[in-house]
Amino acid sequence: MRFSSFLARRIRHNELGSFSATVSRIGVASIAIGIAVGIVAFAVLFGFKNTIQEKIFLFGAHLRVSALGLGSTYEEGPLPRRSPLSDDLPHMPEIRHWQAVAHKSGILKTPDELKGIMLKGVGADYDWALFQESLVEGRLIQWATPDRAAATADSATLTTPDYSSEIIISRRIANQLRLKTGDDVLMYFVQNPPRARKLTVVGIYETEMEEFDTNLVIGDLALVQRINGWGADTVGSYEIYLRDFQQLEPVAADVFYRMSPDMYLQKVTETFRPVFDWLLMLDRNTAVFLTLILFVACFNMISILLVMIMERTPLVGLLKTLGSPDAQIRRIFLRVGLHMVTRGLLLGNGIGLLLCWLQYQFRLIPLDPVNYFMDSVPIVFDWGTFVLVNVITLGVVALVLLIPTYVITRIQPIRALLFKK
């Protein structure tokens, strides 16, 4: 066994209740608390970001292409379903899915209530995967004819589209109008002259985001086409979803390059800028918070290792008298410090992951959906980030531990042997 390893192990095995043992436990606790807080903070941060982004992407595509001049409004069009851009989109590897939609403003009327809404018309190519998680009652829309999916792929086969009278409304709209699944409601479309249609509520969704729940209704794209006097080959906009949201900027530039001059491109980060600015602020606050925790942990470890070195000043003097070089003695105390850090990391990971698992399984900490867009603190287990937090903590603290070991070079053997604790 190497001499420095042997002596470091003997130093670590202090008698129970001794001052060194107490100091060692404080050092382990400081590291454990820091790493546990770091794991919980990142799990909650990524939980917030993923949950909010998923709710936004439910109705707000990563990229939205509409007719030039109307891109900043909800009610768009007309835009051809088949265009050079739509032909290119399926062949772009960065794009996961694209779909054609159209929006139309209107008023829902019941015998006792009125409610202004925005109808989002979707076709058979609509991606329901995310939406089904927010569907709290009822079912999805059923198309008017079985061949609608095929007709969507080949718009030339459907010149005068039949439409479905089924709609999906939010729980907030349902409560305001006192509607439930299976109820009929009259919708007046805002145009000149106004037109009305009798629609049936088949589903109720809830996202807890005011931007959607207060006015957005899901209906059939063919209904909007019929009201606007469009054929099946005309839509309001293209909604584009990427495989990797981090590639938003380069893909947006590529789509913009492929667009015709009469098209307008809008990114989801521009449409919902306040929300994404809030998420960016969360990133900065978390980084500052964790930096302060790491600073406190490093300061504690420096202080603890200094105390342990000063308590063993006679040992340092004896080792120097017997010919041990300063580097060897420094390695002894560095091993002692790294052992405390390792124990703290193991304990902190256990505590942090346990707290995250409890919140993930039982939702112990609730939230106000009005302010946070969710009913409980979300948790995401990002193992890559957890490993990175451990590596950074171990690396930074290990480097910081080199500072107090330089005190050993200033200890003189004669005075150290006469040192009294």
# chains A, B, ... in the order shown; residues from 1 in each chain; ligands from 1
$ closest_atom_pairs --of "stretch 221-304 of chain A" --to "stretch 89-96 of chain A" --cutoff "7 Å" --atoms "only C-alpha atoms" --output "Markdown table"
| residue | atom | partner | partner_atom | distance |
| --- | --- | --- | --- | --- |
| A:Tyr241 | CA | A:Arg96 | CA | 5.7 |
| A:Leu242 | CA | A:Ile95 | CA | 4.4 |
| A:Arg243 | CA | A:Arg96 | CA | 4.9 |
$ closest_atom_pairs --of "stretch 165-256 of chain A" --to "stretch 367-386 of chain A" --cutoff "10 Å" --atoms "only C-alpha atoms" --output "CSV"
residue,atom,partner,partner_atom,distance
A:Thr207,CA,A:Phe373,CA,7.5
A:Glu208,CA,A:Phe373,CA,5.0
A:Met209,CA,A:Phe373,CA,5.4
A:Glu210,CA,A:Val370,CA,7.9
$ write_last_selection --atoms "C-alpha atoms" --output "short mmCIF file (atom, residue, chain, number, x, y, z; two decimals), in the first residue's frame"
data_model
loop_
_atom_site.label_atom_id
_atom_site.label_comp_id
_atom_site.auth_asym_id
_atom_site.auth_seq_id
_atom_site.Cartn_x
_atom_site.Cartn_y
_atom_site.Cartn_z
CA THR A 207 -53.93 23.00 -21.16
CA GLU A 208 -54.06 25.47 -18.21
CA MET A 209 -52.57 28.11 -20.53
CA GLU A 210 -54.80 31.16 -20.82
#
$ closest_residue --among "A:Met310, A:Met259, A:Val396, A:Leu279" --to "A:Asn50" --atoms "only C-alpha atoms"
A:Leu279
$ residues_around --residues "stretch 213-220 of chain A" --least-positions-apart "6" --cutoff "8 Å" --atoms "only C-alpha atoms" --output "PDB file with C-alpha atoms, in the first residue's frame"
ATOM      1  CA  GLY A 116     -66.058  34.869 -28.862  1.00  0.00           C
ATOM      2  CA  ILE A 117     -63.697  32.137 -30.018  1.00  0.00           C
ATOM      3  CA  MET A 118     -61.142  31.210 -32.669  1.00  0.00           C
ATOM      4  CA  LEU A 119     -61.834  28.007 -34.586  1.00  0.00           C
ATOM      5  CA  LYS A 120     -58.720  26.119 -35.642  1.00  0.00           C
ATOM      6  CA  GLY A 121     -59.530  23.885 -38.579  1.00  0.00           C
ATOM      7  CA  VAL A 122     -57.398  20.762 -38.823  1.00  0.00           C
ATOM      8  CA  GLY A 123     -57.252  18.004 -41.399  1.00  0.00           C
ATOM      9  CA  ILE A 141     -63.044  14.599 -34.212  1.00  0.00           C
ATOM     10  CA  TRP A 143     -64.173  13.128 -40.329  1.00  0.00           C
ATOM     11  CA  TYR A 163     -67.046  18.864 -43.419  1.00  0.00           C
ATOM     12  CA  SER A 164     -67.537  17.441 -39.955  1.00  0.00           C
ATOM     13  CA  SER A 165     -69.723  19.440 -37.555  1.00  0.00           C
ATOM     14  CA  GLU A 166     -67.836  18.119 -34.512  1.00  0.00           C
ATOM     15  CA  ILE A 167     -65.660  20.411 -32.373  1.00  0.00           C
ATOM     16  CA  ILE A 168     -63.420  20.148 -29.311  1.00  0.00           C
ATOM     17  CA  ILE A 169     -63.591  23.004 -26.790  1.00  0.00           C
ATOM     18  CA  SER A 170     -61.607  23.836 -23.657  1.00  0.00           C
ATOM     19  CA  ARG A 171     -62.868  23.166 -20.152  1.00  0.00           C
ATOM     20  CA  ARG A 172     -62.925  26.924 -19.500  1.00  0.00           C
ATOM     21  CA  ILE A 173     -65.186  27.558 -22.499  1.00  0.00           C
ATOM     22  CA  GLU A 206     -57.448  21.571 -20.813  1.00  0.00           C
ATOM     23  CA  THR A 207     -53.931  23.003 -21.159  1.00  0.00           C
TER      24      THR A 207
END
$ closest_residue --among "A:Val275, A:Leu7, A:Leu114, A:Ile408" --to "A:Gly317" --atoms "only C-alpha atoms"
A:Ile408
$ residues_around --residues "stretch 135-140 of chain A" --least-positions-apart "2" --cutoff "7 Å" --atoms "only C-alpha atoms" --output "JSON, numbers by chain"
{"A": [131, 132, 133, 142, 181, 202, 203, 204, 205, 206]}
$ write_last_selection --atoms "C-alpha atoms" --output "mmCIF file, in the first residue's frame"
data_model
loop_
_atom_site.group_PDB
_atom_site.id
_atom_site.type_symbol
_atom_site.label_atom_id
_atom_site.label_comp_id
_atom_site.auth_asym_id
_atom_site.auth_seq_id
_atom_site.Cartn_x
_atom_site.Cartn_y
_atom_site.Cartn_z
ATOM 1 C CA PHE A 131 -53.168 16.871 -27.962
ATOM 2 C CA GLN A 132 -54.463 13.561 -26.586
ATOM 3 C CA GLU A 133 -52.566 14.181 -23.323
ATOM 4 C CA GLN A 142 -64.359 12.045 -36.711
ATOM 5 C CA THR A 181 -69.800 16.502 -24.541
ATOM 6 C CA VAL A 202 -67.411 15.824 -28.848
ATOM 7 C CA GLY A 203 -64.393 16.555 -26.644
ATOM 8 C CA ILE A 204 -63.080 18.862 -23.935
ATOM 9 C CA TYR A 205 -59.396 19.728 -23.491
ATOM 10 C CA GLU A 206 -57.448 21.571 -20.813
#
$ select_by_dssp --residues "stretch 150-266 of chain A" --states "alpha helix (DSSP H)" --output "number ranges by chain"
A: 150-153, 171-177, 210-213, 221-228, 248-258
$ residues_around --residues "A:Val316" --least-positions-apart "2" --cutoff "8 Å" --atoms "only C-alpha atoms" --output "ChimeraX atom specification"
/A:312-314,318-320,329,408,411,413,416
$ write_last_selection --atoms "C-alpha atoms" --output "tab-separated table (two decimals), in the first residue's frame"
chain	number	residue	atom	x	y	z
A	312	ARG	CA	-2.34	17.70	12.85
A	313	THR	CA	0.54	20.17	12.79
A	314	PRO	CA	2.72	17.85	14.96
A	318	LEU	CA	7.14	14.60	12.27
A	319	LEU	CA	6.70	13.58	8.65
A	320	LYS	CA	8.95	16.42	7.50
A	329	ILE	CA	2.19	15.34	2.72
A	408	ILE	CA	1.99	22.61	4.65
A	411	ILE	CA	5.11	24.66	8.47
A	413	PRO	CA	9.39	20.93	11.52
A	416	ALA	CA	5.48	21.84	14.49
$ atom_distance --atom1 "atom CA of A:Pro325" --atom2 "atom CA of A:Arg343"
28.1 Å
$ select_by_dssp --residues "stretch 213-388 of chain A" --states "strand (DSSP E)" --output "PyMOL selection string"
chain A and resi 216-220+234-235+237-242+263-267
$ write_last_selection --atoms "N, CA and C atoms" --output "mmCIF file, in the first residue's frame"
data_model
loop_
_atom_site.group_PDB
_atom_site.id
_atom_site.type_symbol
_atom_site.label_atom_id
_atom_site.label_comp_id
_atom_site.auth_asym_id
_atom_site.auth_seq_id
_atom_site.Cartn_x
_atom_site.Cartn_y
_atom_site.Cartn_z
ATOM 1 N N LEU A 216 -59.707 29.104 -27.900
ATOM 2 C CA LEU A 216 -59.375 28.248 -29.029
ATOM 3 C C LEU A 216 -60.258 27.003 -29.054
ATOM 4 N N VAL A 217 -60.845 26.750 -30.205
ATOM 5 C CA VAL A 217 -61.706 25.592 -30.446
ATOM 6 C C VAL A 217 -61.148 24.826 -31.639
ATOM 7 N N ILE A 218 -61.127 23.492 -31.537
ATOM 8 C CA ILE A 218 -60.626 22.651 -32.619
ATOM 9 C C ILE A 218 -61.803 22.145 -33.445
ATOM 10 N N GLY A 219 -61.718 22.323 -34.759
ATOM 11 C CA GLY A 219 -62.765 21.854 -35.652
ATOM 12 C C GLY A 219 -62.181 21.281 -36.928
ATOM 13 N N ASP A 220 -63.023 21.110 -37.902
ATOM 14 C CA ASP A 220 -62.618 20.509 -39.173
ATOM 15 C C ASP A 220 -62.107 21.586 -40.121
ATOM 16 N N THR A 234 -56.840 24.753 -50.846
ATOM 17 C CA THR A 234 -56.481 26.026 -50.219
ATOM 18 C C THR A 234 -56.570 25.883 -48.707
ATOM 19 N N VAL A 235 -55.549 26.379 -48.003
ATOM 20 C CA VAL A 235 -55.495 26.301 -46.538
ATOM 21 C C VAL A 235 -55.096 27.663 -45.989
ATOM 22 N N SER A 237 -52.515 28.043 -43.333
ATOM 23 C CA SER A 237 -51.089 28.103 -43.032
ATOM 24 C C SER A 237 -50.525 26.696 -42.934
ATOM 25 N N TYR A 238 -49.184 26.621 -42.971
ATOM 26 C CA TYR A 238 -48.477 25.374 -42.721
ATOM 27 C C TYR A 238 -47.915 25.429 -41.299
ATOM 28 N N GLU A 239 -48.111 24.364 -40.544
ATOM 29 C CA GLU A 239 -47.481 24.224 -39.233
ATOM 30 C C GLU A 239 -46.383 23.183 -39.331
ATOM 31 N N ILE A 240 -45.164 23.562 -38.924
ATOM 32 C CA ILE A 240 -43.988 22.715 -39.106
ATOM 33 C C ILE A 240 -43.411 22.380 -37.743
ATOM 34 N N TYR A 241 -43.164 21.088 -37.507
ATOM 35 C CA TYR A 241 -42.567 20.617 -36.250
ATOM 36 C C TYR A 241 -41.208 19.992 -36.546
ATOM 37 N N LEU A 242 -40.220 20.341 -35.719
ATOM 38 C CA LEU A 242 -38.851 19.858 -35.922
ATOM 39 C C LEU A 242 -38.583 18.631 -35.065
ATOM 40 N N MET A 263 -45.034 34.446 -49.116
ATOM 41 C CA MET A 263 -45.220 33.711 -47.860
ATOM 42 C C MET A 263 -44.544 34.435 -46.709
ATOM 43 N N TYR A 264 -45.074 34.172 -45.517
ATOM 44 C CA TYR A 264 -44.571 34.812 -44.296
ATOM 45 C C TYR A 264 -44.224 33.721 -43.278
ATOM 46 N N LEU A 265 -43.034 33.808 -42.679
ATOM 47 C CA LEU A 265 -42.564 32.797 -41.729
ATOM 48 C C LEU A 265 -42.528 33.386 -40.320
ATOM 49 N N GLN A 266 -43.053 32.638 -39.355
ATOM 50 C CA GLN A 266 -43.029 33.071 -37.955
ATOM 51 C C GLN A 266 -42.579 31.907 -37.074
ATOM 52 N N LYS A 267 -41.630 32.196 -36.174
ATOM 53 C CA LYS A 267 -41.121 31.180 -35.249
ATOM 54 C C LYS A 267 -41.931 31.219 -33.963
#
$ residues_around --residues "A:Thr409" --least-positions-apart "4" --cutoff "9 Å" --atoms "only C-alpha atoms" --output "PDB file with C-alpha atoms, in the first residue's frame"
ATOM      1  CA  ASP A 326       5.901  18.568   0.992  1.00  0.00           C
ATOM      2  CA  ALA A 327       4.215  17.111  -2.108  1.00  0.00           C
ATOM      3  CA  ARG A 330      -0.065  17.477   0.570  1.00  0.00           C
ATOM      4  CA  THR A 405      -2.574  22.137   1.256  1.00  0.00           C
TER       5      THR A 405
END
$ atom_distance --atom1 "atom CA of A:Ile35" --atom2 "atom CA of A:Pro366"
23.8 Å
$ residues_around --residues "A:Gly182" --least-positions-apart "2" --cutoff "7 Å" --atoms "only C-alpha atoms" --output "list of chain:residue names"
A:Lys180, A:Asp184, A:Thr200, A:Val201, A:Val202
$ write_last_selection --atoms "N, CA and C atoms" --output "compact mmCIF listing (two decimals), in the first residue's frame"
# COMPACT_ATOMS: atom_id res chain seq x y z
N LYS A 180 -71.38 20.47 -22.32
CA LYS A 180 -70.74 19.19 -22.05
C LYS A 180 -70.68 18.40 -23.34
N ASP A 184 -75.12 20.37 -28.52
CA ASP A 184 -75.05 21.16 -29.75
C ASP A 184 -74.91 22.64 -29.40
N THR A 200 -71.40 20.25 -32.89
CA THR A 200 -71.57 19.33 -31.76
C THR A 200 -70.27 19.21 -30.99
N VAL A 201 -70.33 19.37 -29.69
CA VAL A 201 -69.15 19.23 -28.83
C VAL A 201 -68.90 17.74 -28.59
N VAL A 202 -67.73 17.25 -29.03
CA VAL A 202 -67.41 15.82 -28.85
C VAL A 202 -66.24 15.62 -27.89
$ closest_residue --among "A:Leu108, A:Val389, A:Leu221, A:Leu334" --to "A:Asn349" --atoms "only C-alpha atoms"
A:Val389
$ decode --residues "stretch 132-232 of chain A" --atoms "C-alpha atoms" --output "mmCIF file, in the first residue's frame"
data_model
loop_
_atom_site.group_PDB
_atom_site.id
_atom_site.type_symbol
_atom_site.label_atom_id
_atom_site.label_comp_id
_atom_site.auth_asym_id
_atom_site.auth_seq_id
_atom_site.Cartn_x
_atom_site.Cartn_y
_atom_site.Cartn_z
ATOM 1 C CA GLN A 132 -54.463 13.561 -26.586
ATOM 2 C CA GLU A 133 -52.566 14.181 -23.323
ATOM 3 C CA SER A 134 -54.685 17.330 -22.785
ATOM 4 C CA LEU A 135 -58.008 15.745 -23.777
ATOM 5 C CA VAL A 136 -59.860 15.391 -20.457
ATOM 6 C CA GLU A 137 -63.312 14.368 -21.718
ATOM 7 C CA GLY A 138 -64.847 12.898 -24.853
ATOM 8 C CA ARG A 139 -63.027 11.936 -28.018
ATOM 9 C CA LEU A 140 -61.297 13.334 -31.085
ATOM 10 C CA ILE A 141 -63.044 14.599 -34.212
ATOM 11 C CA GLN A 142 -64.359 12.045 -36.711
ATOM 12 C CA TRP A 143 -64.173 13.128 -40.329
ATOM 13 C CA ALA A 144 -67.288 13.451 -42.455
ATOM 14 C CA THR A 145 -66.217 10.803 -44.991
ATOM 15 C CA PRO A 146 -63.878 7.795 -44.650
ATOM 16 C CA ASP A 147 -61.768 8.912 -47.598
ATOM 17 C CA ARG A 148 -60.794 12.267 -46.067
ATOM 18 C CA ALA A 149 -57.265 11.042 -45.254
ATOM 19 C CA ALA A 150 -56.671 10.008 -48.824
ATOM 20 C CA ALA A 151 -58.233 13.221 -50.085
ATOM 21 C CA THR A 152 -55.866 15.249 -47.912
ATOM 22 C CA ALA A 153 -52.887 13.646 -49.606
ATOM 23 C CA ASP A 154 -54.364 14.307 -53.049
ATOM 24 C CA SER A 155 -56.386 17.522 -52.843
ATOM 25 C CA ALA A 156 -57.427 17.255 -56.494
ATOM 26 C CA THR A 157 -59.824 14.426 -55.601
ATOM 27 C CA LEU A 158 -61.898 16.698 -53.324
ATOM 28 C CA THR A 159 -62.958 20.006 -54.904
ATOM 29 C CA THR A 160 -65.949 20.743 -52.649
ATOM 30 C CA PRO A 161 -65.029 19.318 -49.255
ATOM 31 C CA ASP A 162 -67.623 17.778 -46.969
ATOM 32 C CA TYR A 163 -67.046 18.864 -43.419
ATOM 33 C CA SER A 164 -67.537 17.441 -39.955
ATOM 34 C CA SER A 165 -69.723 19.440 -37.555
ATOM 35 C CA GLU A 166 -67.836 18.119 -34.512
ATOM 36 C CA ILE A 167 -65.660 20.411 -32.373
ATOM 37 C CA ILE A 168 -63.420 20.148 -29.311
ATOM 38 C CA ILE A 169 -63.591 23.004 -26.790
ATOM 39 C CA SER A 170 -61.607 23.836 -23.657
ATOM 40 C CA ARG A 171 -62.868 23.166 -20.152
ATOM 41 C CA ARG A 172 -62.925 26.924 -19.500
ATOM 42 C CA ILE A 173 -65.186 27.558 -22.499
ATOM 43 C CA ALA A 174 -67.352 24.596 -21.507
ATOM 44 C CA ASN A 175 -67.799 26.035 -18.015
ATOM 45 C CA GLN A 176 -68.577 29.522 -19.309
ATOM 46 C CA LEU A 177 -71.196 28.292 -21.776
ATOM 47 C CA ARG A 178 -72.355 25.410 -19.554
ATOM 48 C CA LEU A 179 -71.649 22.850 -22.270
ATOM 49 C CA LYS A 180 -70.737 19.188 -22.047
ATOM 50 C CA THR A 181 -69.800 16.502 -24.541
ATOM 51 C CA GLY A 182 -72.704 15.640 -26.822
ATOM 52 C CA ASP A 183 -74.271 19.129 -26.641
ATOM 53 C CA ASP A 184 -75.045 21.161 -29.747
ATOM 54 C CA VAL A 185 -74.018 24.793 -30.029
ATOM 55 C CA LEU A 186 -74.583 27.454 -32.661
ATOM 56 C CA MET A 187 -71.516 29.199 -34.077
ATOM 57 C CA TYR A 188 -71.675 32.509 -35.956
ATOM 58 C CA PHE A 189 -68.667 33.171 -38.177
ATOM 59 C CA VAL A 190 -67.415 36.752 -38.293
ATOM 60 C CA GLN A 191 -67.622 37.851 -41.939
ATOM 61 C CA ASN A 192 -69.862 39.824 -44.240
ATOM 62 C CA PRO A 193 -72.517 38.550 -44.332
ATOM 63 C CA PRO A 194 -72.277 36.493 -41.105
ATOM 64 C CA ARG A 195 -72.844 32.768 -41.459
ATOM 65 C CA ALA A 196 -73.957 30.285 -38.800
ATOM 66 C CA ARG A 197 -73.414 26.560 -38.325
ATOM 67 C CA LYS A 198 -74.776 24.105 -35.767
ATOM 68 C CA LEU A 199 -71.839 22.219 -34.235
ATOM 69 C CA THR A 200 -71.572 19.333 -31.762
ATOM 70 C CA VAL A 201 -69.146 19.225 -28.828
ATOM 71 C CA VAL A 202 -67.411 15.824 -28.848
ATOM 72 C CA GLY A 203 -64.393 16.555 -26.644
ATOM 73 C CA ILE A 204 -63.080 18.862 -23.935
ATOM 74 C CA TYR A 205 -59.396 19.728 -23.491
ATOM 75 C CA GLU A 206 -57.448 21.571 -20.813
ATOM 76 C CA THR A 207 -53.931 23.003 -21.159
ATOM 77 C CA GLU A 208 -54.061 25.466 -18.207
ATOM 78 C CA MET A 209 -52.573 28.111 -20.530
ATOM 79 C CA GLU A 210 -54.804 31.155 -20.821
ATOM 80 C CA GLU A 211 -53.692 31.900 -24.392
ATOM 81 C CA PHE A 212 -55.400 28.704 -25.575
ATOM 82 C CA ASP A 213 -58.057 27.782 -23.043
ATOM 83 C CA THR A 214 -59.905 31.109 -23.225
ATOM 84 C CA ASN A 215 -60.742 31.142 -26.934
ATOM 85 C CA LEU A 216 -59.375 28.248 -29.029
ATOM 86 C CA VAL A 217 -61.706 25.592 -30.446
ATOM 87 C CA ILE A 218 -60.626 22.651 -32.619
ATOM 88 C CA GLY A 219 -62.765 21.854 -35.652
ATOM 89 C CA ASP A 220 -62.618 20.509 -39.173
ATOM 90 C CA LEU A 221 -60.419 22.224 -41.741
ATOM 91 C CA ALA A 222 -63.083 21.533 -44.388
ATOM 92 C CA LEU A 223 -65.569 23.619 -42.381
ATOM 93 C CA VAL A 224 -63.280 26.668 -42.558
ATOM 94 C CA GLN A 225 -62.701 26.012 -46.250
ATOM 95 C CA ARG A 226 -66.472 25.890 -46.868
ATOM 96 C CA ILE A 227 -67.140 29.087 -44.875
ATOM 97 C CA ASN A 228 -64.335 30.960 -46.675
ATOM 98 C CA GLY A 229 -65.387 29.659 -50.070
ATOM 99 C CA TRP A 230 -62.101 27.808 -50.556
ATOM 100 C CA GLY A 231 -61.537 24.527 -52.291
ATOM 101 C CA ALA A 232 -59.716 21.580 -50.728
#
